[in-house]
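Reading through the structure tokens given below for one structure.
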Number of protein chains: 2
Amino acid sequence: MLSPAHGYSLTPVGVIRSSLRNRSEAPRQASEGAPDAWVEIDSEVVAGLDGITVGQEIVLITWLHMARRDVLKVHPRNCKDLDLAGVFATRSPDRPNPLGLHRVKVLEISGNKLKVGPLEAIDGTPVVDIKPVLPHCANS
Amino acid sequence: MLSPAHGYSLTPVGVIRSSLRNRSEAPRQASEGAPDAWVEIDSEVVAGLDGITVGQEIVLITWLHMARRDVLKVHPRNCKDLDLAGVFATRSPDRPNPLGLHRVKVLEISGNKLKVGPLEAIDGTPVVDIKPVLPHCANS
């Protein structure tokens with residue numbers, strides 16, 4: 001780990017364990033029938049979880065490892081009837097930096113594992129950051 | 001750019017231009033008096049902005065380039081009177097992967113530049129992703 005940050009290289013801090021095995025079976029948004037899942041946190045950074053509690057809402061930032069990085073326009077929701085839009089105007093996983101943003105509720109904490117849901121990310125997706133939802137503002 | 005994503009290396013897609021010049025003068029949250037700022041998008045990825053409109057709310061993901069990456073516990077709000085907490089339970093910029101998450105409103109669009117606000121990130125902060133706030137859900 002570096003101090004201060006230089007370069008732009010991420011180190012996964014954990015991984016998603018989910019019943020969703022591939023992109024084709026994953027819902028496009030968590031609100032569209034996504035299951036609960038486990039987040040396994042790397043033992044080296046587990047101290048960073050202190051203070052997270054069951055019932056709390058958190059934001060996971062993931063590395064969408066199956067995404068394409070050479071795409072700048074997509075049909076929203078992969079629907080050819082919708083006009084092409086810039087990837088920054090969509091939640092497409094395909095984008096220059098394939099970061100996923102997932103607001104979930106903490107359902108259970110067991111050692112270095114957090115059960116969270118609902119979560120549309122597939123099994124094996126690396127987690128690169130976890131943040132609390134801000135208490136004064138329910139939106140970020 | 002790679003396809004599918006491999007490695008964990010980010011490529012900045014833009015940079016923040018702000019009157020905030022360093023961490024000491026930046027508010028801890030956007031809601032605490034942060035100014036408006038400009039996001040300059042790299043010409044190579046400007047097509048990714050198509051569909052973003054003035055008045056819309058977006059989420060910027062930044063690379064907090066002045067952060068420390070070797071910190072797992074912090075005093076929340078840098079207040080020594082508050083017990084140490086894990087960085088994943090806080091919004092501290094100091095964390096293993098120094099990603100910042102900023103929900104802002106688009107105030108103006110001029111070529112490859114977006115005026116947004118309020119934004120607590122300092123001048124020169126790299127932007128690594130932009131996402132729309134989901135229309136069906138005001139919180140992520």
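Going by the structure tokens order, chains are called A, B, ..., each with residues numbered from 1, while ligands are numbered from 1 in the order shown.
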- Task: Report as an MDAnalysis selection string: the residues of chain A with a DSSP assignment of strand (DSSP E), based on the backbone of this structure.
- Result: chainID A and resid 14:17 37:41 57:63 73:74 85:86 99:110 113:117 126:132
- With a cut-off of 8 Å and counting only C-alpha atoms, select all residues of chain B in contact with chain A and give the selection as a ChimeraX atom specification. /B:1-6,8-11,13,45,47-52,63-70,72-73,85-91,96-99,101-103,128-132,138-140
- Enter the distance from CA of Lys115 in chain B to CA of Ala37 in chain B, in Å, rounded to one decimal.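 A separation of 5.7 Å between them.
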- Item | Asp36 in chain B surroundings by only C-alpha atoms, 10 Å radius, close-in-sequence under 5 positions cut, as a list in words |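 After dropping sequence-adjacent residues, the list is Arg17, Ser18, Ser19, Leu20, Ala30, Val104, Lys105, Val106, Leu107, Lys115, Val116, Gly117, Pro118, Leu119 and Glu120 of chain B.
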